[in-house]
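Here the structure is laid out as structure tokens; the discussion comes afterwards.
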Amino acid sequence: MSRIAQRFAALKAEGRAGLVTFITAGDPDAATGQALLEGLPGAGADLIELGMPFSDPMADGPVIQASSIRALANGASLVRTLEMVRLFRVRDQETPIILMGYYNPIYAHGVPAFCAEAASAGVDGLIIVDLPPEEAEELTVPAHAQGIDFIFLTAPTTDDARLPTVLAGASGFVYYVSIAGITGTASASREAIAAAVERLHRHTSLPIAVGFGLKSAAQVAMVGGLADAAVVGSAIVQTVADGLDAGGRAKPGLVDDVLTFVGSLAAGLRGSTEQD
Amino acid sequence: MQNRNTLRAGPDERGHFGIYGGRFVAETLMPLILSVEQAYALAKTDPTFAAELRYYLTNYVGRPSPLYFAERLTAAFGGAKIYLKREDLNHTGAHKINNCMGQVLLARRMGKKRIIAETGAGQHGVATATVCAQFGLKCVIYMGATDIERQAPNVYRMKLLGAEVKPVVSGAATLKDAMNDAMRDWVAHVDDTYYMIGTVAGPHPYPAMVRDFQAVIGEETRTQIIEAEGRLPDSLVACVGGGSNAMGLFHPFLDDRDVRIFGVEAAGYGIETGKHAASLTGGKPGVLHGNRTYLLQTADGQITEAHSISAGLDYPGIGPEHAWLRDIGRVDYVSITDAQALEAFQLTTRLEGIIPALESSHAIAYAKTVARDFGPNHVMVVSLSGRGDKDVGTVAKALGDKAFGEGDLS
């Protein structure tokens with residue numbers, strides 16, 4: 001069983017939803033980024049989405065755009081992202097890591113080489129924002145061959161007629177983008193999320209994670225009561241940005257502050273399921 | 001391609017020209033892209049749509065544009081007969097309006113009330129704002145903050161036309177960043193908004209649709225050159241940024257294998273300096289803005305900034321059909337530096353009384369480099385894609401009083 005499947009099985013046994021945390025690899029710099037990554041499981045992250053920095057992140061809002069620019073300015077690259085995962089795996093064999101980003105850096109690196117290197121580094125899944133099912137096969141086939149899950153995004157605009165197309169090649173879990181918009185902007189209502197999750201459950205037996213626009217422990221707790229996992233990205237990345245000095249360097253305490261925030265999100269989530 | 005006897009059948013049903021093109025967009029946008037595709041497929045075969053478009057092209061845009069024999073440029077270049085396809089004489093001063101007119105009629109059919117677009121130099125922004133004013137639609141133009149500074153007159157024109165110009169400060173604050181922000185806007189306004197892409201790039205169906213709307217350039221040229229010369233031209237030359245004027249001129253001639261075709265990229269300070277906008281000459285295949293095509297990028301796949309004195313060519317990518325035509329060898333893609341384009345700008349102004357856009361000046365400059373070798377029996381059509389009034393400030397900055405010297409005009 002894959003690390004992702006194991007983790008969702010364990011969460012189910014615990015009777016609670018999981019917390020998926022997003023950070024951008026190498027943000028704000030390589031050492032701080034590594035410390036953040038390694039601290040996330042202890043702070044309460046059940047799964048980790050590690051953003052692969054890209055110069056043109058078209059589906060992302062200003063917060064995550066800025067994190068990509070910071071990371072790239074400090075030497076981040078696809079190869080270094082994989083190296084981060086390799087280092088992480090020295091101490092953590094259980095927490096699933098999903099790389100999230102855009103296709104071009106992977107395409108430039110070479111798809112077969114990337115899939116092999118990602119698998120050997122300990123990557124469990126991929127979310128590639130600009131690869132809809134119509135174009136994804138060239139990456140899903142070699143990724144699956146290496147045992148890497150390919151997680152598709154579904155959106156409020158993905159209607160019942162289209163859902164089977166999107167879900168046909170999905171594995172690991174399904175990511176529901178809860179708003180028609182970019183990351184870190186508006187938030188969806190409880191009713192809208194509940195209806196969407198119910199609709200998705202009719203089409204798939206895979207776990208469902210809900211993200212885009214979740215900022216607070218209360219929102220995470222709300223989603224935790226509806227879906228299998230809640231994803232928080234921009235709000236975490238914003239706490240990274242808040243921990244920088246005027247020159248863009250990490251201030252002492254940045255890592256602790258970010259992990260404390262993640263801890264509060266995790267606590268909210270655990271609280272919600274106890275009430276259910 | 002489905003039909004192997006023609007180069008004009010592409011793209012396939014998924015929007016691919018060979019390995020290029022496609023629909024590399026976030027899932028949130030896929031249903032919108034599919035609805036644009038569907039609406040365009042219906043419009044394309046609807047005679048009332050064609051008639052409506054023809055009406056506005058004739059009575060509003062001012063088509064057909066003339067094909068003008070440039071006698072003094074021909075004499076100065078000392079060889080091939082140079083014809084200029086005068087897209088500069090269209091309403092708003094460039095070929096961009098051909099596409100905007102087609103797309104605005106489509107957006108109306110789709111019941112969209114709000115139009116968004118990206119612009120670099122401001123030409124596509126002005127053309128978009130123009131058709132929105134004409135049809136009473138809300139118009140939002142994304143433009144890089146750097147470009148807003150460089151192209152102040154066009155910004156004011158767009159505002160006069162009632163458009164809201166949104167400055168884009170992300171990245172290098174130029175055209176590619178404006179396109180990123182336009183796509184972000186579209187994702188967030190899926191219900192009422194139509195995205196009017198200005199060139200033959202982006203996700204399918206845009207590259208094919210914009211080409212179809214611009215193909216009027218090549219169709220007219222075919223008729224006009226046969227009238228003037230009694231035969232097809234020996235060669236076609238057009239500048240290529242995203243590549244819409246070029247694709248519009250080239251497409252109707254792709255199957256005429258005796259017609260040589262040249263696409264001219266912007267070499268900026270020179271390809272070897274790395275400061276250029278020549279995606280085909282200096283880039284490699286990648287995925288950006290919804291399509292696979294040649295891109296200027298680092299080894300790590302990060303997109304790099306383009307440079308050209310001409311803001312309209314200042315884009316790190318190129319339309320996917322051009323990428324395919326390059327790979328199969330049907331079109332020769334060449335490049336011209338800022339300095340060569342400036343020289344052609346002055347020559348055309350002084351010898352023909354036509355101030356060409358700096359974009360189009362690249363095509364004229366290339367004609368100059370080959371005209372003598374091709375000889376006097378060679379008939380060449382050069383796309384004069386736009387007028388250069390917008391570039392006067394840029395040229396003044398680059399040349400100052402040198403522009404008024406006697407120079408060598410022979």
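Chain identifiers are assigned as A, B, and so on, following the order in which chains appear in the structure tokens; residues are numbered from 1 within each chain, and ligands are numbered from 1 in order of appearance.
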*asked:* Would you pick out the contacts of range 189-202 of chain A at 7 Å or less, using only C-alpha atoms, so that residues sharing its chain but fewer than 3 positions from it are not included, and give the list as an NGL selection string?
replied: :A and (178 or 205 or 226-227)
Selection above as a file: N, CA and C atoms, as a PDB file, in the first residue's frame:
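After the write, result-v4.pdb holds the following:
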```
ATOM      1  N   SER A 178     -12.136  24.419  -4.022  1.00  0.00           N
ATOM      2  CA  SER A 178     -13.479  24.774  -3.559  1.00  0.00           C
ATOM      3  C   SER A 178     -14.014  26.087  -4.104  1.00  0.00           C
ATOM      4  N   SER A 205     -14.418   6.491  -5.083  1.00  0.00           N
ATOM      5  CA  SER A 205     -14.210   5.983  -3.720  1.00  0.00           C
ATOM      6  C   SER A 205     -12.900   6.517  -3.137  1.00  0.00           C
ATOM      7  N   LEU A 226     -16.493  17.570   6.830  1.00  0.00           N
ATOM      8  CA  LEU A 226     -17.186  17.257   5.576  1.00  0.00           C
ATOM      9  C   LEU A 226     -16.385  16.343   4.651  1.00  0.00           C
ATOM     10  N   ALA A 227     -15.062  16.537   4.644  1.00  0.00           N
ATOM     11  CA  ALA A 227     -14.219  15.833   3.665  1.00  0.00           C
ATOM     12  C   ALA A 227     -13.178  14.985   4.385  1.00  0.00           C
TER      13      ALA A 227
END
```
*Counting only C-alpha atoms, collect the residues of chain B whose closest atom lies at most 7 Å from chain A, and write them out as an NGL selection string.*
:B and (23-28 or 31 or 180 or 183-184 or 187-188 or 286-287 or 299-303)
*Can you pull out every residue within 9 Å of Ala107 in chain B, counting only C-alpha atoms, but drop anything in the same chain fewer than 2 positions away, and send it as number ranges by chain?*
B: 36, 39, 102-105, 109-115, 193-196
Could you turn the residues from that selection into a file that holds N, CA, C and O atoms, as a PDB file, in the first residue's frame?
```pdb
ATOM      1  N   VAL B  36     -15.822  27.691 -25.287  1.00  0.00           N
ATOM      2  CA  VAL B  36     -15.363  28.576 -26.368  1.00  0.00           C
ATOM      3  C   VAL B  36     -15.178  27.760 -27.645  1.00  0.00           C
ATOM      4  O   VAL B  36     -15.591  28.163 -28.741  1.00  0.00           O
ATOM      5  N   ALA B  39     -18.581  26.902 -29.107  1.00  0.00           N
ATOM      6  CA  ALA B  39     -19.229  28.080 -29.688  1.00  0.00           C
ATOM      7  C   ALA B  39     -18.545  28.464 -30.997  1.00  0.00           C
ATOM      8  O   ALA B  39     -19.209  28.835 -31.975  1.00  0.00           O
ATOM      9  N   GLY B 102     -13.626  39.401 -34.886  1.00  0.00           N
ATOM     10  CA  GLY B 102     -14.144  38.036 -34.883  1.00  0.00           C
ATOM     11  C   GLY B 102     -14.505  37.574 -33.487  1.00  0.00           C
ATOM     12  O   GLY B 102     -15.598  37.031 -33.247  1.00  0.00           O
ATOM     13  N   GLN B 103     -13.609  37.817 -32.548  1.00  0.00           N
ATOM     14  CA  GLN B 103     -13.854  37.303 -31.188  1.00  0.00           C
ATOM     15  C   GLN B 103     -14.984  38.049 -30.476  1.00  0.00           C
ATOM     16  O   GLN B 103     -15.698  37.463 -29.673  1.00  0.00           O
ATOM     17  N   VAL B 104     -15.122  39.341 -30.743  1.00  0.00           N
ATOM     18  CA  VAL B 104     -16.188  40.056 -30.030  1.00  0.00           C
ATOM     19  C   VAL B 104     -17.552  39.568 -30.519  1.00  0.00           C
ATOM     20  O   VAL B 104     -18.499  39.454 -29.729  1.00  0.00           O
ATOM     21  N   LEU B 105     -17.641  39.244 -31.812  1.00  0.00           N
ATOM     22  CA  LEU B 105     -18.909  38.716 -32.322  1.00  0.00           C
ATOM     23  C   LEU B 105     -19.199  37.344 -31.692  1.00  0.00           C
ATOM     24  O   LEU B 105     -20.345  37.028 -31.372  1.00  0.00           O
ATOM     25  N   ARG B 109     -22.321  36.244 -29.191  1.00  0.00           N
ATOM     26  CA  ARG B 109     -23.144  35.040 -29.399  1.00  0.00           C
ATOM     27  C   ARG B 109     -23.205  34.183 -28.144  1.00  0.00           C
ATOM     28  O   ARG B 109     -24.187  33.496 -27.889  1.00  0.00           O
ATOM     29  N   MET B 110     -22.080  34.189 -27.382  1.00  0.00           N
ATOM     30  CA  MET B 110     -22.028  33.378 -26.159  1.00  0.00           C
ATOM     31  C   MET B 110     -22.721  34.079 -24.992  1.00  0.00           C
ATOM     32  O   MET B 110     -22.808  33.527 -23.901  1.00  0.00           O
ATOM     33  N   GLY B 111     -23.186  35.293 -25.213  1.00  0.00           N
ATOM     34  CA  GLY B 111     -23.895  36.028 -24.169  1.00  0.00           C
ATOM     35  C   GLY B 111     -22.991  36.612 -23.099  1.00  0.00           C
ATOM     36  O   GLY B 111     -23.449  36.958 -22.008  1.00  0.00           O
ATOM     37  N   LYS B 112     -21.697  36.758 -23.396  1.00  0.00           N
ATOM     38  CA  LYS B 112     -20.758  37.298 -22.403  1.00  0.00           C
ATOM     39  C   LYS B 112     -20.870  38.825 -22.361  1.00  0.00           C
ATOM     40  O   LYS B 112     -21.046  39.464 -23.396  1.00  0.00           O
ATOM     41  N   LYS B 113     -20.736  39.366 -21.156  1.00  0.00           N
ATOM     42  CA  LYS B 113     -20.925  40.804 -20.969  1.00  0.00           C
ATOM     43  C   LYS B 113     -19.625  41.516 -20.626  1.00  0.00           C
ATOM     44  O   LYS B 113     -19.566  42.743 -20.564  1.00  0.00           O
ATOM     45  N   ARG B 114     -18.621  40.736 -20.278  1.00  0.00           N
ATOM     46  CA  ARG B 114     -17.375  41.330 -19.797  1.00  0.00           C
ATOM     47  C   ARG B 114     -16.225  40.704 -20.581  1.00  0.00           C
ATOM     48  O   ARG B 114     -16.132  39.481 -20.681  1.00  0.00           O
ATOM     49  N   ILE B 115     -15.377  41.564 -21.130  1.00  0.00           N
ATOM     50  CA  ILE B 115     -14.253  41.086 -21.938  1.00  0.00           C
ATOM     51  C   ILE B 115     -12.955  41.418 -21.205  1.00  0.00           C
ATOM     52  O   ILE B 115     -12.771  42.544 -20.729  1.00  0.00           O
ATOM     53  N   THR B 193     -17.456  36.182 -18.142  1.00  0.00           N
ATOM     54  CA  THR B 193     -16.300  36.798 -18.785  1.00  0.00           C
ATOM     55  C   THR B 193     -15.788  36.009 -19.992  1.00  0.00           C
ATOM     56  O   THR B 193     -15.731  34.779 -19.964  1.00  0.00           O
ATOM     57  N   TYR B 194     -15.402  36.753 -21.008  1.00  0.00           N
ATOM     58  CA  TYR B 194     -14.774  36.168 -22.200  1.00  0.00           C
ATOM     59  C   TYR B 194     -13.336  36.673 -22.267  1.00  0.00           C
ATOM     60  O   TYR B 194     -13.089  37.875 -22.149  1.00  0.00           O
ATOM     61  N   TYR B 195     -12.391  35.754 -22.470  1.00  0.00           N
ATOM     62  CA  TYR B 195     -10.980  36.136 -22.556  1.00  0.00           C
ATOM     63  C   TYR B 195     -10.596  36.259 -24.032  1.00  0.00           C
ATOM     64  O   TYR B 195     -10.615  35.279 -24.767  1.00  0.00           O
ATOM     65  N   MET B 196     -10.271  37.481 -24.433  1.00  0.00           N
ATOM     66  CA  MET B 196      -9.937  37.768 -25.828  1.00  0.00           C
ATOM     67  C   MET B 196      -8.419  37.754 -25.998  1.00  0.00           C
ATOM     68  O   MET B 196      -7.757  38.777 -25.830  1.00  0.00           O
TER      69      MET B 196
END
```
*May I have all residues of range 64-171 of chain A that DSSP, computed from the backbone, assigns to helix (DSSP H, G or I), given as a PyMOL selection string?*
chain A and resi 64-73+78-91+103-109+111-121+133-145+163-168
_Considering only strand (DSSP E or B) as DSSP defines it on the backbone, what residues of range 29-274 of chain A qualify? List them as a PyMOL selection string._
chain A and resi 47-51+97-101+125-128+149-150+153-154+174-177+208-211+229-232+244+250
What does the file look like for those residues with N, CA and C atoms, as a tab-separated table (two decimals), in the first residue's frame?
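This is the output file part30.tsv:
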```
chain	number	residue	atom	x	y	z
A	47	LEU	N	-0.36	15.12	5.71
A	47	LEU	CA	0.24	14.98	4.37
A	47	LEU	C	0.88	16.32	4.04
A	48	ILE	N	1.91	16.27	3.18
A	48	ILE	CA	2.61	17.51	2.82
A	48	ILE	C	2.56	17.72	1.32
A	49	GLU	N	2.10	18.92	0.94
A	49	GLU	CA	2.25	19.33	-0.45
A	49	GLU	C	3.46	20.25	-0.51
A	50	LEU	N	4.40	19.87	-1.35
A	50	LEU	CA	5.62	20.67	-1.49
A	50	LEU	C	5.58	21.34	-2.87
A	51	GLY	N	5.49	22.66	-2.85
A	51	GLY	CA	5.37	23.40	-4.11
A	51	GLY	C	6.70	23.43	-4.85
A	97	ILE	N	4.48	12.80	0.80
A	97	ILE	CA	4.83	14.07	0.18
A	97	ILE	C	4.32	14.09	-1.25
A	98	ILE	N	3.57	15.14	-1.53
A	98	ILE	CA	3.02	15.34	-2.87
A	98	ILE	C	3.66	16.59	-3.44
A	99	LEU	N	4.28	16.46	-4.59
A	99	LEU	CA	4.84	17.65	-5.24
A	99	LEU	C	3.74	18.33	-6.02
A	100	MET	N	3.65	19.65	-5.84
A	100	MET	CA	2.62	20.42	-6.53
A	100	MET	C	3.27	21.53	-7.33
A	101	GLY	N	2.82	21.69	-8.57
A	101	GLY	CA	3.39	22.77	-9.36
A	101	GLY	C	2.91	22.74	-10.79
A	125	GLY	N	3.28	11.52	-4.59
A	125	GLY	CA	2.23	11.94	-5.52
A	125	GLY	C	2.60	13.23	-6.22
A	126	LEU	N	1.85	13.52	-7.28
A	126	LEU	CA	2.05	14.74	-8.05
A	126	LEU	C	0.72	15.44	-8.25
A	127	ILE	N	0.72	16.77	-8.08
A	127	ILE	CA	-0.41	17.59	-8.51
A	127	ILE	C	0.16	18.60	-9.49
A	128	ILE	N	-0.20	18.47	-10.75
A	128	ILE	CA	0.34	19.38	-11.75
A	128	ILE	C	-0.83	20.22	-12.28
A	149	ASP	N	1.49	8.44	-7.30
A	149	ASP	CA	0.09	8.77	-7.57
A	149	ASP	C	-0.01	10.08	-8.32
A	150	PHE	N	-1.05	10.18	-9.17
A	150	PHE	CA	-1.31	11.44	-9.84
A	150	PHE	C	-2.66	11.95	-9.36
A	153	LEU	N	-7.14	17.69	-9.99
A	153	LEU	CA	-7.95	18.73	-9.39
A	153	LEU	C	-9.35	18.67	-9.98
A	154	THR	N	-10.33	18.85	-9.13
A	154	THR	CA	-11.68	19.07	-9.63
A	154	THR	C	-12.12	20.43	-9.10
A	174	VAL	N	-8.53	12.77	-4.35
A	174	VAL	CA	-9.03	13.77	-5.28
A	174	VAL	C	-8.97	15.12	-4.58
A	175	TYR	N	-8.43	16.09	-5.29
A	175	TYR	CA	-8.30	17.43	-4.72
A	175	TYR	C	-9.46	18.27	-5.23
A	176	TYR	N	-10.31	18.75	-4.32
A	176	TYR	CA	-11.39	19.61	-4.74
A	176	TYR	C	-11.01	21.07	-4.52
A	177	VAL	N	-10.94	21.81	-5.61
A	177	VAL	CA	-10.66	23.25	-5.57
A	177	VAL	C	-11.99	23.93	-5.26
A	208	ILE	N	-11.22	12.48	-0.44
A	208	ILE	CA	-11.37	13.81	-1.02
A	208	ILE	C	-10.76	14.85	-0.09
A	209	ALA	N	-9.84	15.63	-0.67
A	209	ALA	CA	-9.23	16.74	0.06
A	209	ALA	C	-9.77	18.04	-0.52
A	210	VAL	N	-10.06	18.98	0.35
A	210	VAL	CA	-10.63	20.26	-0.09
A	210	VAL	C	-9.63	21.37	0.21
A	211	GLY	N	-9.39	22.22	-0.78
A	211	GLY	CA	-8.45	23.32	-0.58
A	211	GLY	C	-8.85	24.55	-1.36
A	229	ALA	N	-9.89	15.36	4.00
A	229	ALA	CA	-8.73	16.17	4.36
A	229	ALA	C	-8.98	17.63	3.98
A	230	ALA	N	-8.29	18.52	4.70
A	230	ALA	CA	-8.36	19.94	4.41
A	230	ALA	C	-6.95	20.41	4.03
A	231	VAL	N	-6.88	21.21	2.99
A	231	VAL	CA	-5.58	21.69	2.50
A	231	VAL	C	-5.42	23.17	2.83
A	232	VAL	N	-4.30	23.52	3.44
A	232	VAL	CA	-4.01	24.93	3.71
A	232	VAL	C	-2.68	25.28	3.06
A	244	LEU	N	9.94	37.37	7.59
A	244	LEU	CA	11.12	37.86	6.89
A	244	LEU	C	11.45	39.28	7.33
A	250	ALA	N	15.20	35.31	6.49
A	250	ALA	CA	14.41	34.73	7.57
A	250	ALA	C	14.87	35.30	8.91
```
*Which value, in Å to one decimal, gives the distance between CA of Ala178 in chain B and CA of Gly15 in chain B?*
23.5 Å
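Nearest-residue note for Glu352 in chain B: choosing from B:Leu295, B:Ala70, B:Met30, B:Met179, the minimum distance belongs to B:Ala70, counting only C-alpha atoms.
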*Which residues come within 10 Å of Tyr83 in chain B, counting only C-alpha atoms, excluding same-chain residues fewer than 4 positions away, as a PyMOL selection string?*
chain B and resi 66-71+73-74+221+225+228+233+236+379-384
Written file, previous selection with all heavy atoms, as a CSV table (one decimal), in the first residue's frame:
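Generated output (result_0.csv):
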```
chain,number,residue,atom,x,y,z
B,66,PRO,N,-5.0,47.5,-48.7
B,66,PRO,CA,-4.3,47.5,-50.0
B,66,PRO,C,-3.0,46.6,-50.0
B,66,PRO,O,-2.4,46.5,-48.9
B,66,PRO,CB,-3.9,49.0,-50.2
B,66,PRO,CG,-4.6,49.8,-49.3
B,66,PRO,CD,-5.0,48.9,-48.1
B,67,LEU,N,-2.7,46.1,-51.2
B,67,LEU,CA,-1.3,45.5,-51.4
B,67,LEU,C,-0.6,46.5,-52.2
B,67,LEU,O,-0.9,46.8,-53.4
B,67,LEU,CB,-1.5,44.2,-52.1
B,67,LEU,CG,-0.1,43.4,-52.3
B,67,LEU,CD1,0.4,42.9,-50.9
B,67,LEU,CD2,-0.3,42.3,-53.2
B,68,TYR,N,0.4,47.2,-51.6
B,68,TYR,CA,1.1,48.3,-52.3
B,68,TYR,C,2.5,47.9,-52.8
B,68,TYR,O,3.3,47.4,-52.0
B,68,TYR,CB,1.2,49.4,-51.2
B,68,TYR,CG,2.0,50.6,-51.6
B,68,TYR,CD1,1.5,51.5,-52.6
B,68,TYR,CD2,3.2,50.9,-51.1
B,68,TYR,CE1,2.2,52.6,-53.0
B,68,TYR,CE2,3.9,52.0,-51.4
B,68,TYR,CZ,3.4,52.9,-52.5
B,68,TYR,OH,4.2,53.9,-52.8
B,69,PHE,N,2.7,48.3,-54.0
B,69,PHE,CA,4.0,48.0,-54.6
B,69,PHE,C,5.0,49.1,-54.1
B,69,PHE,O,4.8,50.3,-54.5
B,69,PHE,CB,4.0,48.0,-56.1
B,69,PHE,CG,5.3,47.9,-56.8
B,69,PHE,CD1,6.3,46.9,-56.3
B,69,PHE,CD2,5.7,48.8,-57.8
B,69,PHE,CE1,7.5,46.9,-56.9
B,69,PHE,CE2,7.0,48.7,-58.3
B,69,PHE,CZ,7.9,47.7,-57.9
B,70,ALA,N,5.9,48.8,-53.3
B,70,ALA,CA,6.9,49.8,-52.8
B,70,ALA,C,8.0,50.0,-53.7
B,70,ALA,O,9.1,49.4,-53.6
B,70,ALA,CB,7.3,49.3,-51.4
B,71,GLU,N,7.8,50.9,-54.6
B,71,GLU,CA,8.8,51.1,-55.7
B,71,GLU,C,10.1,51.6,-55.2
B,71,GLU,O,11.2,51.1,-55.7
B,71,GLU,CB,8.2,52.1,-56.7
B,71,GLU,CG,8.7,52.0,-58.1
B,71,GLU,CD,7.9,52.9,-59.1
B,71,GLU,OE1,6.8,53.3,-58.8
B,71,GLU,OE2,8.5,53.2,-60.1
B,73,LEU,N,11.4,51.4,-52.1
B,73,LEU,CA,12.1,50.4,-51.3
B,73,LEU,C,12.7,49.4,-52.2
B,73,LEU,O,13.9,48.9,-52.0
B,73,LEU,CB,11.2,49.8,-50.3
B,73,LEU,CG,11.0,50.4,-48.9
B,73,LEU,CD1,10.1,49.5,-48.1
B,73,LEU,CD2,12.3,50.6,-48.2
B,74,THR,N,12.0,49.0,-53.2
B,74,THR,CA,12.4,48.0,-54.2
B,74,THR,C,13.7,48.4,-54.8
B,74,THR,O,14.7,47.7,-54.9
B,74,THR,CB,11.4,47.7,-55.3
B,74,THR,OG1,10.2,47.2,-54.6
B,74,THR,CG2,11.9,46.7,-56.3
B,221,THR,N,-4.3,38.9,-49.9
B,221,THR,CA,-3.0,39.0,-50.6
B,221,THR,C,-3.0,38.1,-51.8
B,221,THR,O,-2.5,38.5,-52.9
B,221,THR,CB,-1.9,38.6,-49.6
B,221,THR,OG1,-1.9,39.5,-48.5
B,221,THR,CG2,-0.6,38.6,-50.3
B,225,ILE,N,-2.3,39.9,-55.3
B,225,ILE,CA,-1.0,39.7,-56.0
B,225,ILE,C,-1.3,39.1,-57.4
B,225,ILE,O,-0.5,39.4,-58.4
B,225,ILE,CB,0.0,38.9,-55.2
B,225,ILE,CG1,1.4,39.0,-55.7
B,225,ILE,CG2,-0.4,37.4,-55.2
B,225,ILE,CD1,2.0,40.4,-55.4
B,228,ALA,N,-2.1,41.9,-59.5
B,228,ALA,CA,-1.0,42.8,-59.8
B,228,ALA,C,0.0,42.1,-60.7
B,228,ALA,O,0.6,42.8,-61.6
B,228,ALA,CB,-0.4,43.3,-58.5
B,233,PRO,N,3.1,35.0,-55.3
B,233,PRO,CA,4.4,35.6,-55.0
B,233,PRO,C,5.5,34.5,-54.9
B,233,PRO,O,5.1,33.3,-54.7
B,233,PRO,CB,4.2,36.3,-53.6
B,233,PRO,CG,3.1,35.5,-53.0
B,233,PRO,CD,2.2,35.1,-54.2
B,236,LEU,N,7.0,35.2,-49.0
B,236,LEU,CA,6.2,36.0,-48.0
B,236,LEU,C,7.1,36.3,-46.8
B,236,LEU,O,7.9,35.4,-46.4
B,236,LEU,CB,5.0,35.2,-47.5
B,236,LEU,CG,4.0,34.6,-48.5
B,236,LEU,CD1,3.1,33.7,-47.8
B,236,LEU,CD2,3.3,35.8,-49.2
B,379,VAL,N,9.1,38.1,-56.7
B,379,VAL,CA,8.0,38.9,-56.1
B,379,VAL,C,7.9,38.5,-54.6
B,379,VAL,O,7.6,37.4,-54.3
B,379,VAL,CB,6.7,38.7,-56.9
B,379,VAL,CG1,5.6,39.4,-56.2
B,379,VAL,CG2,6.8,39.1,-58.3
B,380,MET,N,8.0,39.6,-53.8
B,380,MET,CA,8.0,39.3,-52.4
B,380,MET,C,6.9,40.2,-51.7
B,380,MET,O,6.8,41.4,-52.0
B,380,MET,CB,9.4,39.7,-51.8
B,380,MET,CG,9.4,39.6,-50.3
B,380,MET,SD,11.1,40.2,-49.7
B,380,MET,CE,12.1,38.8,-50.0
B,381,VAL,N,6.1,39.5,-50.9
B,381,VAL,CA,5.1,40.2,-50.1
B,381,VAL,C,5.5,40.3,-48.6
B,381,VAL,O,5.8,39.3,-48.0
B,381,VAL,CB,3.7,39.6,-50.2
B,381,VAL,CG1,2.7,40.3,-49.3
B,381,VAL,CG2,3.2,39.5,-51.6
B,382,VAL,N,5.6,41.6,-48.2
B,382,VAL,CA,6.0,41.8,-46.8
B,382,VAL,C,4.8,42.3,-46.0
B,382,VAL,O,4.1,43.2,-46.5
B,382,VAL,CB,7.2,42.9,-46.7
B,382,VAL,CG1,7.6,43.1,-45.3
B,382,VAL,CG2,8.4,42.4,-47.5
B,383,SER,N,4.6,41.7,-44.8
B,383,SER,CA,3.4,42.2,-44.0
B,383,SER,C,3.8,43.5,-43.3
B,383,SER,O,4.7,43.4,-42.4
B,383,SER,CB,3.0,41.1,-43.0
B,383,SER,OG,2.0,41.6,-42.2
B,384,LEU,N,3.1,44.5,-43.6
B,384,LEU,CA,3.2,45.8,-42.9
B,384,LEU,C,2.1,45.7,-41.8
B,384,LEU,O,1.1,46.3,-42.0
B,384,LEU,CB,3.1,47.0,-43.8
B,384,LEU,CG,3.5,48.3,-43.2
B,384,LEU,CD1,4.9,48.3,-42.6
B,384,LEU,CD2,3.3,49.4,-44.2
```
